[in-house]
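A.B. asks: The following file, model_35.tsv, comprises TSV, C-alpha atoms:
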```
chain	number	residue	atom	x	y	z
A	3	MET	CA	-5.64	-33.27	4.75
A	4	GLU	CA	-8.69	-32.80	2.53
A	5	PHE	CA	-9.06	-29.28	3.90
A	6	LEU	CA	-5.58	-28.32	2.69
A	7	PHE	CA	-6.49	-29.16	-0.91
A	8	ALA	CA	-10.01	-27.75	-0.77
A	9	ASP	CA	-10.72	-24.88	-3.15
A	10	TRP	CA	-10.93	-21.47	-1.46
A	11	LEU	CA	-11.59	-18.48	-3.73
A	12	GLY	CA	-10.17	-20.40	-6.66
A	13	THR	CA	-6.95	-21.51	-4.94
A	14	PRO	CA	-6.16	-24.57	-2.78
A	15	ALA	CA	-6.34	-23.74	0.93
A	16	TRP	CA	-2.71	-24.72	1.56
A	17	PHE	CA	-1.51	-21.86	-0.67
A	18	TRP	CA	-3.44	-19.43	1.53
A	19	LEU	CA	-2.08	-21.11	4.65
A	20	VAL	CA	1.53	-20.74	3.47
A	21	PHE	CA	0.94	-17.05	2.73
A	22	ILE	CA	-0.75	-16.36	6.09
A	23	VAL	CA	2.06	-18.09	7.99
A	24	LEU	CA	4.64	-16.04	6.07
A	25	VAL	CA	2.89	-12.72	6.79
A	26	VAL	CA	2.41	-13.52	10.48
A	27	ALA	CA	6.03	-14.64	10.82
A	28	LEU	CA	7.38	-11.49	9.14
A	29	THR	CA	5.20	-9.21	11.25
A	30	ALA	CA	6.04	-10.99	14.51
A	31	PHE	CA	9.74	-10.99	13.69
A	32	ASP	CA	9.67	-7.32	12.83
A	33	LEU	CA	7.77	-6.18	15.91
A	34	GLY	CA	9.11	-8.68	18.41
A	35	PHE	CA	12.78	-8.94	17.48
A	36	LEU	CA	13.91	-6.18	15.14
A	37	HIS	CA	12.26	-3.34	17.01
A	38	LYS	CA	11.70	-4.18	20.65
A	39	GLU	CA	12.65	-0.62	21.55
A	40	ASN	CA	11.41	2.60	20.00
A	41	ARG	CA	14.19	4.31	18.09
A	42	GLU	CA	14.80	6.23	14.90
A	43	ILE	CA	15.44	4.26	11.72
A	44	ASP	CA	18.22	5.70	9.58
A	45	ILE	CA	18.28	5.59	5.78
A	46	ARG	CA	20.85	2.80	5.63
A	47	GLU	CA	18.80	0.49	7.86
A	48	SER	CA	15.62	1.48	6.03
A	49	LEU	CA	17.11	0.47	2.67
A	50	GLY	CA	18.49	-2.76	4.14
A	51	LEU	CA	15.13	-3.78	5.59
A	52	SER	CA	13.39	-2.81	2.38
A	53	ALA	CA	15.80	-4.97	0.35
A	54	PHE	CA	15.00	-7.87	2.69
A	55	TYR	CA	11.22	-7.48	2.21
A	56	VAL	CA	11.54	-7.10	-1.55
A	57	SER	CA	13.70	-10.25	-1.65
A	58	VAL	CA	11.06	-12.18	0.31
A	59	ALA	CA	8.33	-10.89	-2.03
A	60	LEU	CA	10.32	-11.89	-5.12
A	61	LEU	CA	11.05	-15.35	-3.69
A	62	PHE	CA	7.34	-15.75	-2.93
A	63	GLY	CA	6.58	-14.79	-6.53
A	64	GLY	CA	9.12	-17.35	-7.70
A	65	TRP	CA	7.31	-19.99	-5.64
A	66	ILE	CA	3.99	-19.03	-7.26
A	67	TRP	CA	5.65	-19.29	-10.68
A	68	PHE	CA	7.02	-22.75	-9.86
A	69	ALA	CA	3.87	-24.09	-8.15
A	70	ARG	CA	1.16	-22.57	-10.35
A	71	GLY	CA	2.82	-21.74	-13.65
A	72	ALA	CA	4.39	-18.87	-15.57
A	73	GLU	CA	1.22	-16.85	-16.20
A	74	PRO	CA	0.13	-16.54	-12.53
A	75	GLY	CA	3.75	-15.84	-11.62
A	76	MET	CA	3.99	-13.04	-14.19
A	77	GLN	CA	0.68	-11.60	-13.00
A	78	TYR	CA	1.92	-11.61	-9.41
A	79	PHE	CA	5.11	-9.74	-10.31
A	80	THR	CA	3.19	-7.20	-12.40
A	81	GLY	CA	0.75	-6.57	-9.56
A	82	PHE	CA	3.54	-6.36	-7.00
A	83	PHE	CA	5.56	-3.77	-8.92
A	84	ILE	CA	2.50	-1.65	-9.73
A	85	GLU	CA	1.43	-1.63	-6.09
A	86	LYS	CA	5.00	-0.88	-4.98
A	87	ALA	CA	5.13	2.09	-7.31
A	88	LEU	CA	1.72	3.39	-6.28
A	89	SER	CA	2.80	3.17	-2.63
A	90	ILE	CA	5.29	6.02	-3.18
A	91	ASP	CA	2.32	8.40	-3.03
A	92	ASN	CA	1.35	6.75	0.26
A	93	VAL	CA	4.79	7.59	1.65
A	94	PHE	CA	4.32	11.29	0.92
A	95	VAL	CA	0.89	11.34	2.58
A	96	ILE	CA	2.10	9.34	5.61
A	97	SER	CA	4.95	11.82	6.03
A	98	LEU	CA	2.42	14.68	6.03
A	99	ILE	CA	0.29	12.88	8.62
A	100	PHE	CA	3.20	12.31	11.00
A	101	SER	CA	4.29	15.94	10.61
A	102	TYR	CA	0.76	17.22	11.23
A	103	PHE	CA	0.46	15.29	14.50
A	104	ALA	CA	4.10	15.99	15.47
A	105	ILE	CA	4.94	12.28	15.86
A	106	PRO	CA	8.68	11.82	16.65
A	107	ALA	CA	10.60	9.49	14.33
A	108	ARG	CA	11.25	6.98	17.14
A	109	TYR	CA	7.49	6.26	17.42
A	110	GLN	CA	6.71	6.24	13.72
A	111	TYR	CA	7.91	2.72	12.91
A	112	ARG	CA	5.63	1.00	15.42
A	113	ALA	CA	2.68	3.14	14.36
A	114	LEU	CA	3.39	2.18	10.75
A	115	LEU	CA	3.54	-1.50	11.68
A	116	TRP	CA	0.10	-1.50	13.29
A	117	GLY	CA	-1.13	0.64	10.42
A	118	ILE	CA	0.04	-2.05	8.01
A	119	VAL	CA	-1.83	-4.71	10.01
A	120	GLY	CA	-4.99	-2.64	9.65
A	121	VAL	CA	-4.32	-2.16	5.95
A	122	ILE	CA	-3.93	-5.92	5.41
A	123	VAL	CA	-7.38	-6.51	6.90
A	124	LEU	CA	-9.03	-3.62	5.03
A	125	ARG	CA	-7.44	-4.60	1.70
A	126	GLY	CA	-8.63	-8.16	2.28
A	127	LEU	CA	-12.21	-6.95	2.72
A	128	MET	CA	-12.01	-4.74	-0.38
A	129	ILE	CA	-10.45	-7.46	-2.53
A	130	GLY	CA	-12.93	-10.05	-1.26
A	131	GLY	CA	-15.82	-7.74	-2.12
A	132	GLY	CA	-14.36	-7.01	-5.55
A	133	ALA	CA	-13.89	-10.71	-6.25
A	134	MET	CA	-17.52	-11.42	-5.33
A	135	LEU	CA	-18.74	-8.65	-7.63
A	136	LEU	CA	-16.66	-9.94	-10.54
A	137	HIS	CA	-17.86	-13.50	-9.94
A	138	GLU	CA	-21.49	-12.39	-10.10
A	139	ALA	CA	-21.12	-9.85	-12.91
A	140	TYR	CA	-18.09	-9.72	-15.23
A	141	TRP	CA	-19.14	-6.30	-16.54
A	142	VAL	CA	-17.97	-4.82	-13.22
A	143	LEU	CA	-14.44	-5.23	-14.61
A	144	TYR	CA	-15.33	-2.66	-17.27
A	145	LEU	CA	-16.27	-0.23	-14.51
A	146	PHE	CA	-12.88	-0.86	-12.88
A	147	ALA	CA	-11.15	-0.31	-16.24
A	148	ALA	CA	-13.04	2.91	-16.96
A	149	PHE	CA	-12.28	4.18	-13.45
A	150	LEU	CA	-8.56	3.48	-13.94
A	151	ILE	CA	-8.52	5.39	-17.24
A	152	PHE	CA	-10.37	8.30	-15.65
A	153	THR	CA	-8.03	8.31	-12.63
A	154	GLY	CA	-4.93	8.15	-14.83
A	155	ILE	CA	-6.07	11.05	-17.00
A	156	LYS	CA	-6.98	13.04	-13.89
A	157	MET	CA	-3.49	12.41	-12.44
A	158	LEU	CA	-1.88	13.62	-15.66
A	159	PHE	CA	-3.62	16.99	-15.52
A	160	SER	CA	-4.15	17.50	-11.79
A	161	GLY	CA	-2.18	19.98	-9.74
A	162	ASP	CA	0.00	19.28	-6.72
A	163	ALA	CA	-2.29	20.49	-3.94
A	164	PRO	CA	-1.31	18.73	-0.70
A	165	MET	CA	-3.76	16.62	1.28
A	166	ASP	CA	-5.73	18.77	3.76
A	167	ILE	CA	-5.45	16.57	6.86
A	168	GLN	CA	-7.49	18.91	9.04
A	169	LYS	CA	-10.57	18.26	6.89
A	170	ASN	CA	-10.17	14.49	7.08
A	171	PRO	CA	-13.55	12.89	8.00
A	172	ALA	CA	-11.83	10.39	10.33
A	173	ILE	CA	-10.34	13.23	12.40
A	174	LYS	CA	-13.68	15.03	12.60
A	175	PHE	CA	-15.49	11.86	13.69
A	176	ILE	CA	-12.94	10.91	16.35
A	177	ALA	CA	-12.73	14.46	17.70
A	178	THR	CA	-16.52	14.42	18.14
A	179	HIS	CA	-17.02	10.92	19.54
A	180	VAL	CA	-13.76	9.97	21.29
A	181	ARG	CA	-12.07	11.56	24.32
A	182	MET	CA	-8.69	12.91	23.22
A	183	THR	CA	-5.49	14.08	24.86
A	184	PRO	CA	-3.28	16.56	22.98
A	185	ASP	CA	-0.11	15.05	24.47
A	186	LEU	CA	1.86	12.04	23.31
A	187	HIS	CA	2.26	9.23	25.83
A	188	GLY	CA	5.23	7.40	24.36
A	189	GLU	CA	4.26	4.57	22.01
A	190	HIS	CA	0.76	4.23	23.48
A	191	PHE	CA	-2.35	4.77	21.42
A	192	PHE	CA	-4.44	5.29	24.57
A	193	ALA	CA	-3.54	6.71	27.97
A	194	ARG	CA	-5.22	7.42	31.30
A	195	ILE	CA	-5.53	11.12	32.09
A	196	ALA	CA	-7.29	13.17	34.75
A	197	HIS	CA	-10.78	14.30	33.75
A	198	HIS	CA	-10.88	18.10	33.47
A	199	LYS	CA	-14.03	18.31	35.67
A	200	THR	CA	-14.04	15.36	38.07
A	201	GLY	CA	-10.31	14.74	38.33
A	202	LYS	CA	-10.90	10.99	37.94
A	203	MET	CA	-8.58	9.00	35.71
A	204	VAL	CA	-10.21	8.29	32.34
A	205	LEU	CA	-9.06	6.64	29.15
A	206	ALA	CA	-8.23	8.95	26.22
A	207	ALA	CA	-6.86	8.50	22.72
A	208	THR	CA	-3.44	10.02	21.96
A	209	PRO	CA	-2.27	11.82	18.80
A	210	LEU	CA	-0.48	8.59	17.83
A	211	PHE	CA	-3.87	6.85	17.65
A	212	LEU	CA	-5.26	9.65	15.49
A	213	ALA	CA	-2.28	9.36	13.16
A	214	LEU	CA	-2.85	5.59	12.92
A	215	VAL	CA	-6.53	6.05	12.02
A	216	VAL	CA	-5.80	8.70	9.39
A	217	ILE	CA	-3.07	6.54	7.82
A	218	ASN	CA	-5.56	3.68	7.41
A	219	PHE	CA	-8.21	6.05	6.08
A	220	ALA	CA	-5.74	7.45	3.55
A	221	ASP	CA	-4.81	3.93	2.45
A	222	LEU	CA	-8.47	3.19	1.74
A	223	LEU	CA	-8.46	6.13	-0.66
A	224	PHE	CA	-5.30	4.83	-2.35
A	225	ALA	CA	-6.76	1.32	-2.49
A	226	VAL	CA	-9.59	2.65	-4.66
A	227	ASP	CA	-6.94	3.00	-7.39
A	228	SER	CA	-4.60	0.11	-6.66
A	229	VAL	CA	-7.12	-2.70	-6.08
A	230	PRO	CA	-8.94	-2.21	-9.42
A	231	ALA	CA	-5.52	-1.94	-11.09
A	232	ILE	CA	-4.59	-5.45	-9.95
A	233	PHE	CA	-8.03	-6.84	-10.82
A	234	ALA	CA	-7.53	-5.45	-14.31
A	235	ILE	CA	-4.40	-7.61	-14.57
A	236	THR	CA	-5.98	-10.78	-13.15
A	237	THR	CA	-9.21	-11.80	-11.45
A	238	ASP	CA	-7.39	-14.48	-9.46
A	239	THR	CA	-8.14	-13.43	-5.86
A	240	PHE	CA	-5.01	-15.11	-4.50
A	241	ILE	CA	-2.73	-13.23	-6.90
A	242	VAL	CA	-4.53	-9.92	-6.31
A	243	TYR	CA	-4.34	-10.15	-2.51
A	244	THR	CA	-0.83	-11.57	-2.16
A	245	SER	CA	0.73	-9.08	-4.59
A	246	ASN	CA	-0.97	-6.23	-2.70
A	247	VAL	CA	0.05	-7.41	0.75
A	248	MET	CA	3.65	-8.29	-0.15
A	249	ALA	CA	4.11	-4.79	-1.58
A	250	ILE	CA	2.54	-3.19	1.50
A	251	LEU	CA	4.58	-5.24	3.98
A	252	GLY	CA	7.79	-3.62	2.80
A	253	LEU	CA	6.32	-0.12	2.77
A	254	ARG	CA	7.07	0.64	6.42
A	255	ALA	CA	10.69	-0.43	5.94
A	256	LEU	CA	11.07	1.75	2.85
A	257	TYR	CA	9.23	4.72	4.37
A	258	PHE	CA	12.16	6.25	6.25
A	259	ALA	CA	14.39	6.25	3.19
A	260	LEU	CA	11.74	7.47	0.76
A	261	SER	CA	10.36	10.15	3.10
A	262	ALA	CA	13.79	11.79	3.09
A	263	MET	CA	13.98	11.94	-0.71
A	264	VAL	CA	10.37	11.68	-1.93
A	265	HIS	CA	10.74	15.14	-3.50
A	266	ARG	CA	13.18	13.56	-5.99
A	267	PHE	CA	10.32	11.43	-7.40
A	268	HIS	CA	7.98	14.34	-8.01
A	269	TYR	CA	7.43	13.48	-11.69
A	270	LEU	CA	6.89	9.76	-11.12
A	271	LYS	CA	3.15	10.39	-10.82
A	272	TYR	CA	2.97	10.90	-14.60
A	273	ALA	CA	4.40	7.42	-15.19
A	274	LEU	CA	1.92	5.99	-12.66
A	275	ALA	CA	-0.89	7.79	-14.46
A	276	LEU	CA	0.11	6.26	-17.80
A	277	ILE	CA	0.30	2.81	-16.17
A	278	LEU	CA	-3.27	3.17	-14.87
A	279	VAL	CA	-4.49	4.30	-18.32
A	280	TYR	CA	-2.68	1.38	-20.00
A	281	ILE	CA	-4.09	-1.20	-17.58
A	282	GLY	CA	-7.61	0.11	-17.94
A	283	ALA	CA	-7.43	0.45	-21.72
A	284	LYS	CA	-6.09	-3.06	-22.30
A	285	ILE	CA	-9.31	-4.52	-20.82
A	286	PHE	CA	-11.42	-2.80	-23.50
A	287	VAL	CA	-8.90	-3.54	-26.26
A	288	ALA	CA	-8.68	-7.23	-25.34
A	289	ASP	CA	-12.44	-7.77	-25.08
A	290	PHE	CA	-13.73	-5.57	-27.91
A	291	LEU	CA	-10.88	-5.38	-30.44
A	292	LEU	CA	-9.03	-8.68	-29.94
A	293	GLY	CA	-12.08	-10.87	-29.51
A	294	GLY	CA	-11.40	-11.73	-25.89
A	295	ASP	CA	-7.74	-12.64	-26.33
A	296	LYS	CA	-5.74	-11.59	-23.28
A	297	PHE	CA	-2.69	-9.37	-23.43
A	298	PRO	CA	0.42	-11.49	-22.77
A	299	PRO	CA	1.37	-11.05	-19.06
A	300	VAL	CA	4.99	-10.45	-20.11
A	301	LEU	CA	3.82	-7.45	-22.18
A	302	SER	CA	2.02	-5.88	-19.21
A	303	LEU	CA	5.06	-6.44	-17.00
A	304	GLY	CA	7.37	-4.99	-19.67
A	305	VAL	CA	5.21	-1.88	-20.15
A	306	THR	CA	5.00	-1.39	-16.38
A	307	PHE	CA	8.78	-1.63	-15.98
A	308	ALA	CA	9.44	0.66	-18.95
A	309	LEU	CA	7.09	3.38	-17.70
A	310	LEU	CA	8.40	3.15	-14.13
A	311	ALA	CA	12.01	3.32	-15.29
A	312	ALA	CA	11.22	6.31	-17.49
A	313	GLY	CA	9.36	8.02	-14.62
A	314	VAL	CA	12.17	7.48	-12.13
A	315	GLY	CA	14.84	8.55	-14.60
A	316	TRP	CA	12.96	11.68	-15.65
A	317	SER	CA	12.23	12.60	-12.01
A	318	LEU	CA	15.87	12.30	-10.97
A	319	TRP	CA	17.09	14.26	-14.00
A	320	LYS	CA	14.43	16.95	-13.75
A	321	THR	CA	14.82	17.55	-10.01
A	322	ARG	CA	18.61	17.70	-10.43
A	323	GLN	CA	18.18	20.35	-13.13
A	324	GLU	CA	15.80	22.33	-10.91
A	325	GLN	CA	18.27	22.22	-8.01
A	326	ARG	CA	21.07	23.46	-10.25
A	327	SER	CA	18.94	26.35	-11.51
A	328	LEU	CA	18.24	27.42	-7.91
A	329	ALA	CA	21.90	27.20	-6.89
```
How does this structure look as structure tokens?
C.D. replies:
Amino acid sequence: MEFLFADWLGTPAWFWLVFIVLVVALTAFDLGFLHKENREIDIRESLGLSAFYVSVALLFGGWIWFARGAEPGMQYFTGFFIEKALSIDNVFVISLIFSYFAIPARYQYRALLWGIVGVIVLRGLMIGGGAMLLHEAYWVLYLFAAFLIFTGIKMLFSGDAPMDIQKNPAIKFIATHVRMTPDLHGEHFFARIAHHKTGKMVLAATPLFLALVVINFADLLFAVDSVPAIFAITTDTFIVYTSNVMAILGLRALYFALSAMVHRFHYLKYALALILVYIGAKIFVADFLLGGDKFPPVLSLGVTFALLAAGVGWSLWKTRQEQRSLA
């Protein structure tokens, strides 16, 4: 019993245990019961599953609010919604990756699921490393804040050049060091094929495995933005990690709906850019202009919601106008 109440990264161990059990249960339920067979996920089912995951994430945030107080609860919700919004860019890139490797829709869901498992581990390592850095040197938070401001400004003025998947370092490394087969073998990441010289059966990676690796590699690039963004809201490792993971868990469910209409959110990136600039700037304002007083969590959540709503509304209106002008 003492172990359950022991402090682990600033939070009692039983909080972590509840979260781990919830994530494992959701993943097992999804893979083992909802999708025993490979099949295409239509938009209606995608939205239904996404609503389920968002509901679970909101209920979990409500539990944090009740068990730990209003401020941690508000920080969780702010982090969750920021990560959810930033994940829309992930959807576009994932769609490009599946198209590049010609992965049929019926195999995409399972690949996404295992991709999410990899992401949970990688995000945990990144967040753990970030927490250690901040514990040893608070000034690292200023580096995070400056990076967010720089990234936000870059997003505001950058073009729309698509990701060049062929130049991805992960693809180059695997193509050089791992035996590959150009053919899909159902849902399998590896398959036994005849060696082109000896004729013996050897193990080779399939395009589905390559897609999985590139998806995780791409998420690492996105995490460079999203992880510092959450740390700029709170340095509580539990809040940072849980808000990240709960947003990511629902990404695979939302993917099939968003991938069909991601073009309608083309201008959302400007709202995301302003959110990153705001989050980074408030660190400097709070520490150097307000004498260390923190911004109220409700203000950060309100600004995040307002910018996201404006970005979504402008995107829908603008793309509708563009479609009418082409008609």
A.B. asks: Using 12 Å as the limit and counting all atoms listed in the file, can you tabulate each residue of region 139-242 of chain A that touches region 60-80 of chain A, with its shortest atom-to-atom distance in Å and the two atoms involved, as a tab-separated table?
C.D. replies:
```
residue	atom	partner	partner_atom	distance
A:Ala231	CA	A:Thr80	CA	10.3
A:Ile232	CA	A:Thr80	CA	8.3
A:Phe233	CA	A:Gln77	CA	10.2
A:Ala234	CA	A:Gln77	CA	10.3
A:Ile235	CA	A:Gln77	CA	6.6
A:Thr236	CA	A:Gln77	CA	6.7
A:Thr237	CA	A:Gln77	CA	10.0
A:Asp238	CA	A:Pro74	CA	8.4
A:Thr239	CA	A:Tyr78	CA	10.8
A:Phe240	CA	A:Tyr78	CA	9.2
A:Ile241	CA	A:Tyr78	CA	5.5
A:Val242	CA	A:Tyr78	CA	7.4
```
A.B. asks: I need the residues from that last selection saved to file as a short mmCIF file (atom, residue, chain, number, x, y, z; two decimals), keeping the file's coordinate frame (with C-alpha atoms), if you can.
C.D. replies:
```cif
data_model
loop_
_atom_site.label_atom_id
_atom_site.label_comp_id
_atom_site.auth_asym_id
_atom_site.auth_seq_id
_atom_site.Cartn_x
_atom_site.Cartn_y
_atom_site.Cartn_z
CA ALA A 231 -5.52 -1.94 -11.09
CA ILE A 232 -4.59 -5.45 -9.95
CA PHE A 233 -8.03 -6.84 -10.82
CA ALA A 234 -7.53 -5.45 -14.31
CA ILE A 235 -4.40 -7.61 -14.57
CA THR A 236 -5.98 -10.78 -13.15
CA THR A 237 -9.21 -11.80 -11.45
CA ASP A 238 -7.39 -14.48 -9.46
CA THR A 239 -8.14 -13.43 -5.86
CA PHE A 240 -5.01 -15.11 -4.50
CA ILE A 241 -2.73 -13.23 -6.90
CA VAL A 242 -4.53 -9.92 -6.31
#
```
A.B. asks: Can you check which parts of region 179-294 of chain A lie within 7 Å of region 147-150 of chain A? Per residue, the shortest pair of atoms and distance in Å to one decimal, counting only C-alpha atoms, sorted by chain and number, as JSON lines.
C.D. replies:
```
{"residue": "A:Asp227", "atom": "CA", "partner": "A:Leu150", "partner_atom": "CA", "distance": 6.8}
{"residue": "A:Ala231", "atom": "CA", "partner": "A:Leu150", "partner_atom": "CA", "distance": 6.8}
{"residue": "A:Ala234", "atom": "CA", "partner": "A:Ala147", "partner_atom": "CA", "distance": 6.6}
{"residue": "A:Leu278", "atom": "CA", "partner": "A:Leu150", "partner_atom": "CA", "distance": 5.4}
{"residue": "A:Val279", "atom": "CA", "partner": "A:Leu150", "partner_atom": "CA", "distance": 6.0}
{"residue": "A:Gly282", "atom": "CA", "partner": "A:Ala147", "partner_atom": "CA", "distance": 3.9}
{"residue": "A:Ala283", "atom": "CA", "partner": "A:Ala147", "partner_atom": "CA", "distance": 6.7}
{"residue": "A:Ile285", "atom": "CA", "partner": "A:Ala147", "partner_atom": "CA", "distance": 6.5}
```
A.B. asks: Which residue out of A:Gly315, A:Pro184, A:Gly12, A:Ala206 has the minimum interatomic distance to Ala104 (chain A) when all atoms listed in the file are used?
C.D. replies: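 Smallest separation from Ala104 (chain A) among the options: A:Pro184.
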A.B. asks: Check the smallest atom-to-atom distance from each of A:Tyr280, A:Phe307, A:Thr244, A:Lys199 to Leu24 (chain A) using all atoms listed in the file, then report the winner.
C.D. replies: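 Going through A:Tyr280, A:Phe307, A:Thr244, A:Lys199 one by one, the smallest distance to Leu24 (chain A) is for A:Thr244.
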A.B. asks: Interatomic distance between CA of Phe192 (chain A) and CA of Ala207 (chain A)?
C.D. replies: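 Those two atoms sit 4.4 Å apart.
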A.B. asks: Restricting the calculation to all atoms listed in the file, which member of A:Gly304, A:Pro230, A:Pro298, A:Gly252 is positioned closest to Ala59 (chain A)?
C.D. replies: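 Under the stated criterion, the closest residue is A:Gly252.
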A.B. asks: What's the separation between CA of Phe258 (chain A) and CA of Phe100 (chain A), in Å to one decimal place?
C.D. replies: 11.8 Å
A.B. asks: Would you please work out which residue, of A:Val95, A:Leu222, A:Glu138, A:Arg181, is nearest to Val123 (chain A) when using all atoms listed in the file?
C.D. replies: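 For Val123 (chain A), the nearest of the given residues is A:Leu222.
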A.B. asks: In Å, how far is it from CA of Leu303 (chain A) to CA of Leu88 (chain A)?
C.D. replies: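 That distance, rounded to one decimal, is 14.9 Å.
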A.B. asks: List the spatial neighbours of Asn218 (chain A) as a VMD selection string - criterion: any atom at most 12 Å away, all atoms listed in the file, same-chain residues fewer than 4 positions off excluded.
C.D. replies: chain A and resid 92 95 to 96 99 113 to 125 170 172 to 173 211 to 214 222 to 225
A.B. asks: A:Ala30, A:Ile151, A:Ile84, A:Leu19: which is nearest Met248 (chain A), counting all atoms listed in the file?
C.D. replies: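 Using all atoms listed in the file, the shortest distance to Met248 (chain A) belongs to A:Ile84.
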A.B. asks: Can you pull out the residues contacting Gly188 (chain A)? Cut-off 12 Å, using all atoms listed in the file, and skip same-chain residues under 6 positions away; I want them as an MDAnalysis selection string.
C.D. replies: chainID A and resid 39:41 105:110 112:113 208:211
A.B. asks: So which one's closest to Val287 (chain A), A:Tyr144, A:Leu309, A:Phe17, A:Asp44? Using all atoms listed in the file, please.
C.D. replies: A:Tyr144
A.B. asks: Around region 225-240 of chain A, with edges along x, y and z and 6 Å added on all six sides, what centre and edge lengths do you get, in Å to one decimal, as JSON?
C.D. replies:
```
{"center_x": -7.0, "center_y": -6.1, "center_z": -8.5, "size_x": 17.2, "size_y": 30.1, "size_z": 24.1}
```
